[in-house]
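> Following this line is target35.txt, made up of compact mmCIF, C-alpha atoms:
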# COMPACT_ATOMS: atom_id res chain seq x y z
CA MET A 27 71.19 106.12 59.81
CA ASN A 28 70.09 106.88 63.38
CA THR A 29 73.33 107.88 65.12
CA LYS A 30 71.82 107.53 68.58
CA SER A 31 70.58 103.99 67.83
CA ALA A 32 73.95 103.03 66.41
CA MET A 33 75.72 104.28 69.51
CA GLN A 34 73.49 102.14 71.76
CA THR A 35 74.13 98.93 69.87
CA PRO A 36 76.68 96.92 71.86
CA THR A 37 79.80 95.86 70.05
CA PRO A 38 80.23 92.07 70.05
CA VAL A 39 83.11 90.90 72.21
CA PHE A 40 85.09 87.91 71.02
CA PHE A 41 87.46 85.96 73.26
CA PRO A 42 90.26 83.90 71.75
CA GLY A 43 89.77 80.16 72.17
CA ASP A 44 92.90 79.83 74.28
CA LEU A 45 91.64 82.48 76.70
CA ILE A 46 88.27 80.71 77.03
CA ILE A 47 90.05 77.49 77.90
CA GLU A 48 92.18 79.24 80.54
CA ILE A 49 89.07 80.77 82.11
CA ILE A 50 86.95 77.64 82.33
CA LEU A 51 89.83 75.53 83.61
CA PHE A 52 89.25 77.25 86.97
CA LEU A 53 85.60 76.17 87.15
CA PRO A 54 84.44 73.23 89.31
CA VAL A 55 83.33 70.07 87.55
CA LYS A 56 79.69 70.58 88.50
CA SER A 57 79.63 73.91 86.61
CA LEU A 58 81.47 72.48 83.60
CA LEU A 59 78.88 69.73 83.26
CA ARG A 60 76.17 72.41 82.97
CA PHE A 61 78.19 74.32 80.36
CA LYS A 62 78.22 71.28 78.09
CA CYS A 63 74.65 72.22 77.15
CA VAL A 64 75.59 75.77 76.08
CA SER A 65 77.04 74.87 72.68
CA ASN A 66 78.45 71.99 70.68
CA SER A 67 81.91 73.53 70.80
CA LEU A 68 81.89 73.72 74.62
CA ASN A 69 80.56 70.16 74.85
CA THR A 70 83.36 68.95 72.58
CA LEU A 71 85.97 70.84 74.61
CA ILE A 72 84.80 69.69 78.05
CA THR A 73 84.52 66.04 77.01
CA ASP A 74 88.00 66.03 75.45
CA PRO A 75 90.45 63.87 77.50
CA THR A 76 93.18 66.47 76.96
CA PHE A 77 91.02 69.14 78.59
CA ALA A 78 90.21 66.73 81.43
CA ASN A 79 93.94 66.27 82.11
CA LEU A 80 94.55 70.04 82.03
CA HIS A 81 91.67 70.59 84.44
CA LEU A 82 93.01 67.90 86.77
CA LYS A 83 96.46 69.53 86.79
CA LYS A 84 94.89 72.90 87.62
CA SER A 85 92.84 71.34 90.44
CA LYS A 86 95.92 69.74 92.00
CA THR A 87 97.75 73.07 92.09
CA SER A 88 94.79 75.11 93.34
CA SER A 89 95.55 77.75 95.95
CA ASN A 90 92.29 76.84 97.73
CA PRO A 91 92.45 73.05 98.17
CA GLN A 92 89.44 71.02 99.24
CA PHE A 93 89.00 69.09 102.48
CA THR A 94 86.76 66.43 100.97
CA LEU A 95 84.51 64.63 103.42
CA ILE A 96 83.93 61.03 102.34
CA THR A 97 80.90 59.44 103.95
CA ASN A 98 79.10 56.13 104.07
CA HIS A 99 75.35 56.08 104.78
CA VAL A 100 74.01 52.71 105.93
CA LYS A 101 70.35 52.05 106.59
CA PRO A 102 69.70 48.75 108.40
CA SER A 103 68.36 45.98 106.18
CA VAL A 104 68.16 48.33 103.17
CA ASP A 105 71.30 49.52 101.41
CA SER A 106 74.53 51.46 101.67
CA ASP A 107 75.25 54.81 100.03
CA TRP A 108 78.51 56.65 99.53
CA SER A 109 78.83 60.42 99.15
CA ILE A 110 81.47 63.14 99.13
CA ILE A 111 81.27 66.74 100.28
CA PRO A 112 83.94 69.10 98.89
CA TYR A 113 84.79 71.61 101.59
CA PRO A 114 87.52 74.28 101.21
CA ILE A 115 90.21 74.02 103.89
CA SER A 116 90.00 77.78 104.40
CA HIS A 117 86.33 77.39 105.41
CA LEU A 118 87.25 74.60 107.77
CA VAL A 119 89.77 76.82 109.55
CA ASP A 120 87.19 79.60 109.94
CA ASN A 121 84.31 77.30 110.92
CA PRO A 122 85.52 73.98 112.37
CA SER A 123 82.03 73.02 113.58
CA ALA A 124 79.48 72.34 110.86
CA THR A 125 76.64 70.01 109.89
CA PHE A 126 76.05 68.99 106.28
CA VAL A 127 73.35 67.18 104.35
CA ALA A 128 74.69 65.06 101.50
CA ASP A 129 74.30 66.63 98.05
CA SER A 130 72.33 64.29 95.78
CA HIS A 131 74.78 65.13 92.97
CA TYR A 132 77.53 63.30 94.86
CA LEU A 133 75.40 60.45 96.25
CA LEU A 134 76.00 56.88 95.10
CA ASN A 135 73.69 53.97 95.91
CA LEU A 136 75.18 50.50 95.47
CA LYS A 137 72.19 48.44 96.67
CA ASP A 138 74.27 46.44 99.15
CA LYS A 139 76.68 46.85 102.08
CA GLU A 140 79.65 44.83 100.86
CA TRP A 141 81.47 47.64 99.06
CA SER A 142 84.39 49.41 100.69
CA MET A 143 86.89 51.97 99.46
CA ALA A 144 90.35 51.07 98.15
CA GLY A 145 91.47 54.67 97.65
CA SER A 146 91.17 57.73 95.43
CA CYS A 147 93.43 59.00 92.66
CA ASN A 148 93.04 61.74 90.03
CA GLY A 149 89.40 62.30 90.91
CA LEU A 150 88.38 58.63 90.73
CA ILE A 151 87.48 56.46 93.71
CA CYS A 152 88.05 52.72 93.57
CA LEU A 153 85.44 50.60 95.34
CA VAL A 154 85.90 46.93 96.21
CA ASP A 155 83.14 44.35 96.58
CA TYR A 156 83.92 41.67 99.18
CA SER A 157 81.04 39.33 98.40
CA SER A 158 81.37 35.78 99.68
CA THR A 159 80.88 32.63 97.65
CA ASN A 160 78.55 29.78 98.61
CA GLY A 161 75.83 31.92 100.11
CA GLY A 162 78.05 34.28 102.10
CA PHE A 163 79.20 32.02 104.95
CA LYS A 164 81.56 34.39 106.74
CA TYR A 165 84.07 31.75 107.88
CA GLN A 166 84.64 30.19 104.47
CA LYS A 167 88.14 30.19 103.02
CA TYR A 168 87.47 31.82 99.65
CA GLN A 169 85.90 35.09 98.64
CA ASP A 170 84.77 36.85 95.44
CA TYR A 171 86.36 40.22 94.73
CA ARG A 172 85.15 42.87 92.24
CA LEU A 173 86.08 46.48 91.53
CA ARG A 174 84.20 49.56 90.36
CA LEU A 175 85.52 53.04 89.55
CA TRP A 176 83.43 56.01 90.64
CA ASN A 177 83.82 59.66 89.67
CA PRO A 178 81.65 61.54 92.20
CA ALA A 179 82.02 64.86 90.38
CA THR A 180 80.73 63.58 87.01
CA ARG A 181 78.31 61.09 88.66
CA LYS A 182 79.72 58.24 86.57
CA ILE A 183 80.45 54.72 87.81
CA SER A 184 81.96 51.84 85.87
CA GLN A 185 80.63 48.36 85.46
CA LYS A 186 82.03 45.69 87.78
CA ILE A 187 85.58 44.90 86.70
CA GLY A 188 88.60 42.98 87.96
CA TYR A 189 86.77 39.91 89.25
CA PHE A 190 88.73 37.15 90.90
CA CYS A 191 87.99 34.48 93.47
CA GLY A 192 90.72 34.11 96.05
CA VAL A 193 91.56 33.31 99.62
CA ARG A 194 90.03 35.72 102.11
CA GLY A 195 92.11 38.58 103.47
CA PHE A 196 93.20 40.59 100.40
CA VAL A 197 93.57 44.36 100.91
CA PHE A 198 93.35 46.74 97.95
CA ASN A 199 95.05 50.01 97.04
CA PHE A 200 94.50 52.28 94.06
CA GLY A 201 96.96 54.53 92.21
CA TRP A 202 98.27 55.93 88.94
CA ASP A 203 101.26 54.72 86.93
CA ASP A 204 102.89 57.65 85.11
CA SER A 205 105.08 55.40 82.97
CA THR A 206 102.11 53.70 81.30
CA CYS A 207 99.51 56.46 81.89
CA SER A 208 97.17 53.95 83.50
CA PHE A 209 95.36 53.35 86.78
CA LYS A 210 96.48 50.30 88.75
CA VAL A 211 95.01 48.37 91.68
CA VAL A 212 97.27 46.39 93.99
CA ALA A 213 95.78 43.51 96.02
CA SER A 214 97.99 42.21 98.81
CA ARG A 215 97.64 39.52 101.45
CA PHE A 216 99.75 38.05 104.24
CA SER A 217 98.98 35.17 106.60
CA ARG A 218 101.05 34.90 109.75
CA LEU A 219 99.86 31.34 110.36
CA SER A 220 101.01 30.00 106.98
CA GLY A 221 103.62 32.63 106.11
CA THR A 222 101.87 33.18 102.77
CA ARG A 223 102.58 36.44 100.93
CA GLU A 224 100.66 37.40 97.82
CA VAL A 225 100.64 40.58 95.74
CA LYS A 226 98.54 40.99 92.59
CA VAL A 227 98.32 43.94 90.16
CA PHE A 228 95.36 44.88 88.00
CA THR A 229 95.81 47.51 85.27
CA ILE A 230 92.54 49.23 84.45
CA GLY A 231 91.79 48.45 80.82
CA ASP A 232 93.73 45.17 80.65
CA ASN A 233 91.08 43.29 82.63
CA VAL A 234 93.51 40.73 84.01
CA TRP A 235 95.15 40.22 87.41
CA ARG A 236 98.87 39.52 87.38
CA ASP A 237 100.87 38.00 90.23
CA ILE A 238 104.04 39.95 91.00
CA GLU A 239 106.84 39.41 93.50
CA PRO A 240 105.53 39.57 97.09
CA PHE A 241 106.84 41.98 99.68
CA PRO A 242 110.62 41.54 100.07
CA PHE A 243 111.40 38.97 102.75
CA PRO A 244 111.08 39.44 105.64
CA ALA A 245 109.37 42.86 105.45
CA VAL A 246 105.59 42.83 105.98
CA PRO A 247 103.37 45.92 106.19
CA ILE A 248 102.17 46.39 109.76
CA GLY A 249 98.50 45.49 110.02
CA LEU A 250 98.43 43.35 106.88
CA ASP A 251 97.83 40.11 108.73
CA TRP A 252 95.08 37.62 107.93
CA ARG A 253 93.97 35.76 111.08
CA GLY A 254 90.44 34.71 110.17
CA GLN A 255 88.63 38.04 110.14
CA ARG A 256 87.87 40.23 107.15
CA ILE A 257 90.44 42.92 106.46
CA ASP A 258 89.24 45.35 103.83
CA LYS A 259 90.35 48.87 104.73
CA GLY A 260 93.64 49.53 102.98
CA TYR A 261 94.04 53.02 104.44
CA GLU A 262 93.88 51.58 107.93
CA TYR A 263 97.07 49.62 107.48
CA GLY A 264 98.98 52.67 106.39
CA CYS A 265 99.38 52.60 102.62
CA VAL A 266 100.44 55.93 101.09
CA PHE A 267 100.44 56.74 97.36
CA LEU A 268 103.18 59.18 96.34
CA ASN A 269 105.40 59.69 93.29
CA ASN A 270 104.12 56.68 91.38
CA THR A 271 104.64 54.41 94.40
CA PHE A 272 102.71 52.73 97.20
CA ASN A 273 104.42 52.96 100.58
CA TRP A 274 103.86 51.00 103.80
CA LEU A 275 105.33 51.05 107.29
CA ALA A 276 106.64 47.50 107.68
CA THR A 277 108.48 45.20 110.06
CA ARG A 278 111.50 43.12 109.11
CA LEU A 279 110.69 40.39 111.60
CA PRO A 280 109.28 37.23 109.99
CA GLY A 281 105.71 36.43 110.84
CA GLY A 282 104.52 40.03 111.25
CA LEU A 283 104.69 40.02 115.03
CA ASN A 284 102.34 42.22 117.01
CA TRP A 285 103.24 45.83 117.59
CA ARG A 286 105.49 46.47 120.63
CA LEU A 287 105.66 42.83 121.78
CA PHE A 288 108.97 41.92 120.19
CA LEU A 289 109.82 44.78 117.84
CA THR A 290 112.69 47.23 118.12
CA VAL A 291 113.30 50.46 116.26
CA GLU A 292 115.72 48.68 113.93
CA ASP A 293 112.98 46.26 112.84
CA LEU A 294 110.89 49.01 111.22
CA VAL A 295 111.29 50.14 107.61
CA ILE A 296 109.22 51.74 104.87
CA VAL A 297 108.52 49.37 101.98
CA SER A 298 107.85 51.07 98.64
CA LEU A 299 106.34 49.48 95.52
CA ASP A 300 107.06 51.30 92.23
CA LEU A 301 103.98 50.96 90.01
CA GLY A 302 106.03 51.44 86.85
CA THR A 303 108.67 48.78 87.41
CA GLU A 304 106.57 46.77 89.89
CA THR A 305 109.65 46.37 92.08
CA TYR A 306 110.30 47.23 95.73
CA ASN A 307 112.59 49.51 97.69
CA GLN A 308 113.13 49.76 101.44
CA TYR A 309 113.88 52.95 103.37
CA ARG A 310 115.06 53.41 106.93
CA LEU A 311 113.17 55.66 109.33
CA PRO A 312 114.73 58.94 110.55
CA GLN A 313 117.76 58.56 112.79
CA GLY A 314 115.92 60.64 115.40
CA PHE A 315 113.31 57.86 115.72
CA GLU A 316 114.90 56.31 118.81
CA LYS A 317 112.13 54.59 120.76
CA LEU A 318 108.97 52.66 119.88
CA PRO A 319 105.87 54.66 120.82
CA ARG A 320 102.87 53.07 122.55
CA GLU A 321 100.84 53.28 119.35
CA GLU A 322 101.96 52.49 115.82
CA PRO A 323 103.45 55.42 113.90
CA THR A 324 101.54 56.60 110.84
CA ILE A 325 102.85 57.58 107.43
CA GLY A 326 101.19 60.06 105.13
CA VAL A 327 101.81 62.84 102.63
CA LEU A 328 102.41 66.43 103.71
CA GLU A 329 103.39 69.16 101.25
CA GLU A 330 104.07 66.49 98.60
CA CYS A 331 106.55 64.78 100.95
CA LEU A 332 106.36 61.42 102.65
CA CYS A 333 105.87 62.02 106.38
CA LEU A 334 106.12 59.98 109.57
CA CYS A 335 104.07 60.85 112.67
CA TYR A 336 104.31 59.29 116.14
CA SER A 337 104.11 59.96 119.86
CA TYR A 338 107.53 60.63 121.39
CA LYS A 339 108.04 59.40 124.97
CA GLU A 340 104.38 60.20 125.69
CA THR A 341 105.24 63.90 125.80
CA ASP A 342 105.16 65.10 122.19
CA ILE A 343 103.77 64.34 118.77
CA VAL A 344 106.63 64.35 116.28
CA ILE A 345 106.28 64.74 112.52
CA TRP A 346 109.15 64.04 110.11
CA GLN A 347 109.27 64.75 106.37
CA MET A 348 111.36 63.00 103.71
CA LYS A 349 112.13 66.11 101.65
CA GLU A 350 113.52 64.12 98.71
CA PHE A 351 111.55 60.96 98.15
CA GLY A 352 113.69 57.83 98.42
CA ILE A 353 116.67 59.66 99.96
CA GLU A 354 117.04 58.51 103.58
CA GLU A 355 119.38 61.36 104.41
CA SER A 356 116.68 63.90 103.52
CA TRP A 357 114.51 63.19 106.60
CA ILE A 358 113.97 66.40 108.61
CA GLN A 359 111.95 66.98 111.76
CA PHE A 360 109.01 69.11 110.64
CA LEU A 361 107.11 69.64 113.90
CA LYS A 362 107.14 68.62 117.54
CA ILE A 363 103.83 69.30 119.30
CA SER A 364 103.43 69.01 123.06
CA TYR A 365 100.92 66.25 123.85
CA HIS A 366 99.34 68.07 126.80
CA ILE A 367 97.59 70.65 124.61
CA PHE A 368 95.54 67.88 122.97
CA GLN A 369 94.20 66.60 126.32
CA LEU A 370 93.81 63.11 124.89
CA ASP A 371 94.76 59.58 125.86
CA TYR A 372 98.28 58.52 124.86
CA ASP A 373 96.84 55.49 123.07
CA ILE A 374 95.78 57.68 120.14
CA SER A 375 98.02 58.36 117.17
CA PHE A 376 97.54 60.96 114.46
CA LEU A 377 97.77 61.22 110.69
CA PRO A 378 98.64 64.64 109.22
CA LEU A 379 96.20 65.45 106.41
CA PHE A 380 96.80 69.00 105.16
CA LEU A 381 98.82 72.09 105.82
CA SER A 382 97.05 75.38 105.08
CA GLY A 383 99.12 78.42 105.95
CA ASP A 384 99.81 78.27 109.69
CA THR A 385 97.25 75.49 110.27
CA LEU A 386 97.89 71.76 110.24
CA VAL A 387 94.89 69.42 109.96
CA LEU A 388 95.39 66.08 111.75
CA CYS A 389 93.11 63.05 111.88
CA SER A 390 93.02 60.82 114.94
CA SER A 391 93.78 57.11 114.59
CA LYS A 392 90.27 56.28 115.78
CA ASN A 393 88.92 58.29 112.85
CA GLU A 394 86.37 59.92 115.14
CA GLU A 395 87.65 63.45 115.02
CA ALA A 396 90.18 65.76 113.47
CA ILE A 397 92.12 68.63 114.99
CA LEU A 398 93.31 71.97 113.65
CA TYR A 399 96.73 72.86 115.04
CA ASN A 400 98.13 76.37 114.59
CA TRP A 401 101.89 75.96 114.75
CA ARG A 402 102.56 79.69 115.19
CA ASP A 403 100.55 80.25 118.36
CA ASN A 404 100.58 76.58 119.47
CA SER A 405 96.79 76.38 119.71
CA ILE A 406 94.25 73.76 118.65
CA LYS A 407 90.62 73.63 117.52
CA ARG A 408 88.65 70.42 117.38
CA ILE A 409 86.76 69.74 114.17
CA GLU A 410 83.16 68.83 114.85
CA VAL A 411 81.82 68.08 111.39
CA LYS A 412 78.67 65.99 111.05
CA VAL A 413 77.07 64.64 107.89
CA HIS A 414 73.52 63.41 107.30
CA LYS A 415 72.12 61.73 104.23
CA THR A 416 68.78 63.57 104.49
CA ILE A 417 67.38 66.56 106.35
CA ILE A 418 65.05 64.35 108.39
CA ASP A 419 66.17 61.46 110.56
CA ASP A 420 65.51 58.32 108.48
CA LYS A 421 67.40 55.94 110.82
CA THR A 422 70.47 56.02 108.58
CA HIS A 423 73.86 55.51 110.22
CA ASN A 424 76.24 58.11 108.76
CA SER A 425 79.98 57.36 108.96
CA LEU A 426 82.59 60.00 108.20
CA TYR A 427 86.00 58.84 106.91
CA LEU A 428 88.39 61.70 107.55
CA SER A 429 91.54 59.79 106.62
CA LEU A 430 90.18 59.13 103.11
CA ALA A 431 89.98 62.86 102.46
CA GLN A 432 93.70 63.06 101.77
CA GLY A 433 94.56 63.27 98.09
CA TYR A 434 91.07 63.54 96.60
CA VAL A 435 90.49 66.20 93.91
CA GLU A 436 87.52 66.67 91.60
CA SER A 437 88.17 65.83 87.97
CA LEU A 438 86.59 65.11 84.59
CA ILE A 439 88.59 61.87 84.20
CA SER A 440 86.52 59.06 82.68
CA VAL A 441 85.78 55.87 84.61
CA CYS A 442 86.22 53.68 81.53
Mind turning the file's structure into structure tokens?

Amino acid sequence: MNTKSAMQTPTPVFFPGDLIIEIILFLPVKSLLRFKCVSNSLNTLITDPTFANLHLKKSKTSSNPQFTLITNHVKPSVDSDWSIIPYPISHLVDNPSATFVADSHYLLNLKDKEWSMAGSCNGLICLVDYSSTNGGFKYQKYQDYRLRLWNPATRKISQKIGYFCGVRGFVFNFGWDDSTCSFKVVASRFSRLSGTREVKVFTIGDNVWRDIEPFPFPAVPIGLDWRGQRIDKGYEYGCVFLNNTFNWLATRLPGGLNWRLFLTVEDLVIVSLDLGTETYNQYRLPQGFEKLPREEPTIGVLEECLCLCYSYKETDIVIWQMKEFGIEESWIQFLKISYHIFQLDYDISFLPLFLSGDTLVLCSSKNEEAILYNWRDNSIKRIEVKVHKTIIDDKTHNSLYLSLAQGYVESLISVC
């Protein structure tokens, strides 16, 4: 036996199966999809729903969370595309000005312009089709509604599901019910003119819409008001998904009166819909909320807590956190930021998106820009992120939806 040759022969290294799983759980979905071709055993592992759930849990607790840019690319008289761009928050802090070209891996073409986004949950994005019946006459009373689930990371999209024909004006929100381990879509509608309140629930997999109790009288989510125009952007009327619940800032006055015309501080509450029991709760705002601001307050999620953000006496931006969800006494004032450092009009409100170390990322109510606020040195940086569908200018209008970035994580979760 040649001793020298034997010494040069590498000794095979074997990793226990559990260790391999722990290693690849840290990989992004795009890499895992490539690894499916390496061996049958890896393909079986990566396509296993149990592994998908473990990977999702790891993604949610990542120490380097993503600021996901969600974009809509519309080319006149052609079609409408959706895309996402995962972008680490740490990179955003270091380089707040950047221009991106959409990655074809995350690009979705839907062949029409009638789809909008109902929300994202566990790596899936729910899209809603607002097609009109009878040739699309925009002033008609009834409308066709359809849903599709899209996983941008795996490039999978479901067939059209959840069809119903109903009165115009429904707004949709998308979440996860822990008690039944199922995705649910809530469609809600309110008409000030008729006083009509409707709430429907669709459980993915059941393929049937169920009517549930409407919002508790007289509470109505602010902005959910059908007056003849199409309302289809659920995030824009302040719905927040947290702890198995949907939450809205609402008014107790009947008829959903306009903001600041007749409302008082006492008229405002948070209405919460539990997806498991499909029942409602109402929560009072912080006791320190003493005066109605010029613009509507916003609610969001910050550090896994429900938060309230508003302009205080046109001098400061105040952010409160409900440290224990559902416990009114747990509201604490998280931050008060002097308005003058923003150098913006008072008619703009903000939605807190993320907290990364000393930096808070806020989105403006006009959804045109976001701001990085360093709470230690009381400084700001404006985020100037631009997205294009292609490298060359092909006359596509590219819209960036910063507020939709909150809560999105990549996952292997199946769309069907």
> Restricting the calculation to all atoms listed in the file: of A:Leu95, A:Val297, A:Leu268, A:Val211, which residue gets closest to Pro244 (chain A)?
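So, comparing all the options, the nearest one is A:Val297.
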> Please provide as a list in words all residues within 10 Å of Thr73 (chain A), with the sequence filter that same-chain residues fewer than 4 positions apart are discarded (counting only C-alpha atoms).
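Residues near the query, excluding close chain neighbours: Leu58, Leu59, Lys62, Leu68, Asn69, Phe77, Ala78, Leu438, Ile439 and Ser440 of chain A.
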> Please measure the separation of CA of Pro75 (chain A) and CA of Thr271 (chain A), giving the value in Å to one decimal.
24.0 Å
> Restricting the calculation to all atoms listed in the file: of A:Ser375, A:Thr125, A:Asn307, A:Ser184, which residue gets closest to Ile230 (chain A)?
A:Ser184
> Which of these residues is nearest to Thr277 (chain A), using all atoms listed in the file: A:Ser88, A:Ser390, A:Ser130, A:Gln308?
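Looking at the shortest contact to Thr277 (chain A), the residue is A:Gln308.
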> Smallest atom-to-atom distance to Phe196 (chain A): which of A:Leu334, A:Val127, A:Val212, A:Ile343, using all atoms listed in the file?
A:Val212
> Would you mind reading off the distance between CA of Val225 (chain A) and CA of Gln432 (chain A), one decimal, in Å?
24.3 Å
> Please return, as a PDB file with C-alpha atoms, in the coordinates of the input, all polymer residues that have at least one atom within 12 Å of the point (86.3, 57.5, 97.5); use all atoms listed in the file and the file's own coordinate frame.

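Below is the file point13.pdb, written as the result:
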ATOM      1  CA  THR A  94      86.760  66.430 100.970  1.00  0.00           C
ATOM      2  CA  LEU A  95      84.510  64.630 103.420  1.00  0.00           C
ATOM      3  CA  ILE A  96      83.930  61.030 102.340  1.00  0.00           C
ATOM      4  CA  THR A  97      80.900  59.440 103.950  1.00  0.00           C
ATOM      5  CA  ASN A  98      79.100  56.130 104.070  1.00  0.00           C
ATOM      6  CA  ASP A 107      75.250  54.810 100.030  1.00  0.00           C
ATOM      7  CA  TRP A 108      78.510  56.650  99.530  1.00  0.00           C
ATOM      8  CA  SER A 109      78.830  60.420  99.150  1.00  0.00           C
ATOM      9  CA  ILE A 110      81.470  63.140  99.130  1.00  0.00           C
ATOM     10  CA  ILE A 111      81.270  66.740 100.280  1.00  0.00           C
ATOM     11  CA  PRO A 112      83.940  69.100  98.890  1.00  0.00           C
ATOM     12  CA  TYR A 132      77.530  63.300  94.860  1.00  0.00           C
ATOM     13  CA  LEU A 133      75.400  60.450  96.250  1.00  0.00           C
ATOM     14  CA  LEU A 134      76.000  56.880  95.100  1.00  0.00           C
ATOM     15  CA  TRP A 141      81.470  47.640  99.060  1.00  0.00           C
ATOM     16  CA  SER A 142      84.390  49.410 100.690  1.00  0.00           C
ATOM     17  CA  MET A 143      86.890  51.970  99.460  1.00  0.00           C
ATOM     18  CA  ALA A 144      90.350  51.070  98.150  1.00  0.00           C
ATOM     19  CA  GLY A 145      91.470  54.670  97.650  1.00  0.00           C
ATOM     20  CA  SER A 146      91.170  57.730  95.430  1.00  0.00           C
ATOM     21  CA  CYS A 147      93.430  59.000  92.660  1.00  0.00           C
ATOM     22  CA  ASN A 148      93.040  61.740  90.030  1.00  0.00           C
ATOM     23  CA  GLY A 149      89.400  62.300  90.910  1.00  0.00           C
ATOM     24  CA  LEU A 150      88.380  58.630  90.730  1.00  0.00           C
ATOM     25  CA  ILE A 151      87.480  56.460  93.710  1.00  0.00           C
ATOM     26  CA  CYS A 152      88.050  52.720  93.570  1.00  0.00           C
ATOM     27  CA  LEU A 153      85.440  50.600  95.340  1.00  0.00           C
ATOM     28  CA  VAL A 154      85.900  46.930  96.210  1.00  0.00           C
ATOM     29  CA  ARG A 174      84.200  49.560  90.360  1.00  0.00           C
ATOM     30  CA  LEU A 175      85.520  53.040  89.550  1.00  0.00           C
ATOM     31  CA  TRP A 176      83.430  56.010  90.640  1.00  0.00           C
ATOM     32  CA  ASN A 177      83.820  59.660  89.670  1.00  0.00           C
ATOM     33  CA  PRO A 178      81.650  61.540  92.200  1.00  0.00           C
ATOM     34  CA  ALA A 179      82.020  64.860  90.380  1.00  0.00           C
ATOM     35  CA  ILE A 183      80.450  54.720  87.810  1.00  0.00           C
ATOM     36  CA  ASN A 199      95.050  50.010  97.040  1.00  0.00           C
ATOM     37  CA  PHE A 200      94.500  52.280  94.060  1.00  0.00           C
ATOM     38  CA  LYS A 259      90.350  48.870 104.730  1.00  0.00           C
ATOM     39  CA  TYR A 261      94.040  53.020 104.440  1.00  0.00           C
ATOM     40  CA  LEU A 426      82.590  60.000 108.200  1.00  0.00           C
ATOM     41  CA  TYR A 427      86.000  58.840 106.910  1.00  0.00           C
ATOM     42  CA  LEU A 428      88.390  61.700 107.550  1.00  0.00           C
ATOM     43  CA  SER A 429      91.540  59.790 106.620  1.00  0.00           C
ATOM     44  CA  LEU A 430      90.180  59.130 103.110  1.00  0.00           C
ATOM     45  CA  ALA A 431      89.980  62.860 102.460  1.00  0.00           C
ATOM     46  CA  GLN A 432      93.700  63.060 101.770  1.00  0.00           C
ATOM     47  CA  GLY A 433      94.560  63.270  98.090  1.00  0.00           C
ATOM     48  CA  TYR A 434      91.070  63.540  96.600  1.00  0.00           C
ATOM     49  CA  VAL A 435      90.490  66.200  93.910  1.00  0.00           C
ATOM     50  CA  GLU A 436      87.520  66.670  91.600  1.00  0.00           C
TER      51      GLU A 436
END
> Quick one, how far is CA of Pro378 (chain A) from CA of Phe241 (chain A)?
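Here the two named atoms are 25.9 Å from each other.
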> When you count all atoms listed in the file, which of these residues is closest to Lys56 (chain A): A:Ile72, A:Val227, A:Leu173, A:Leu80?
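Ranking A:Ile72, A:Val227, A:Leu173, A:Leu80 by distance to Lys56 (chain A), first place goes to A:Ile72.
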> Which of these, A:Val246, A:Ile187, A:Val291, A:Leu51, has the shortest distance to Val441 (chain A) once you count only C-alpha atoms?
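Residue with the minimum atom-to-atom distance to Val441 (chain A): A:Ile187.
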> Counting all atoms listed in the file, select every polymer residue within 6 Å of (113.4, 51.7, 106.6) as defined in the file's coordinates, and provide the selection as a PyMOL selection string.
chain A and resi 294-296+308-311
> Keeping only C-alpha atoms, write the selected residues to a file as a PDB file, in the frame of the given file.

ATOM      1  CA  LEU A 294     110.890  49.010 111.220  1.00  0.00           C
ATOM      2  CA  VAL A 295     111.290  50.140 107.610  1.00  0.00           C
ATOM      3  CA  ILE A 296     109.220  51.740 104.870  1.00  0.00           C
ATOM      4  CA  GLN A 308     113.130  49.760 101.440  1.00  0.00           C
ATOM      5  CA  TYR A 309     113.880  52.950 103.370  1.00  0.00           C
ATOM      6  CA  ARG A 310     115.060  53.410 106.930  1.00  0.00           C
ATOM      7  CA  LEU A 311     113.170  55.660 109.330  1.00  0.00           C
TER       8      LEU A 311
END
> For Cys191 (chain A), please output as a list in words all residues within 10 Å (counting all atoms listed in the file; exclusion window: fewer than 2 positions along the same chain).
Ser157, Ser158, Thr159, Tyr168, Gln169, Asp170, Tyr171, Arg172, Tyr189, Val193 and Arg194 of chain A
> Can you pull out the residues contacting Pro312 (chain A)? Cut-off 8 Å, using all atoms listed in the file, and skip same-chain residues under 6 positions away; I want them as a count of residues only.
4
> Would you pick out the contacts of Glu330 (chain A) at 12 Å or less, using all atoms listed in the file, so that residues sharing its chain but fewer than 4 positions from it are not included, and give the list as a list of chain:residue names?
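Answer for this query is A:Lys86, A:Thr87, A:Val266, A:Phe267, A:Leu268, A:Asn269, A:Gly326, A:Gln347, A:Met348, A:Lys349, A:Glu350, A:Phe351, A:Leu379, A:Phe380, A:Leu381, A:Gln432, A:Gly433.
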> Considering all atoms listed in the file, return as a list of chain:residue names whatever protein or nucleic-acid residues lie within 8 Å of Val411 (chain A), sequence-local ones (same chain, fewer than 5 positions apart) excluded.
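Neighbouring residues, sequence-local ones excluded: A:Pro122, A:Ser123, A:Ala124, A:Thr125, A:Phe126.
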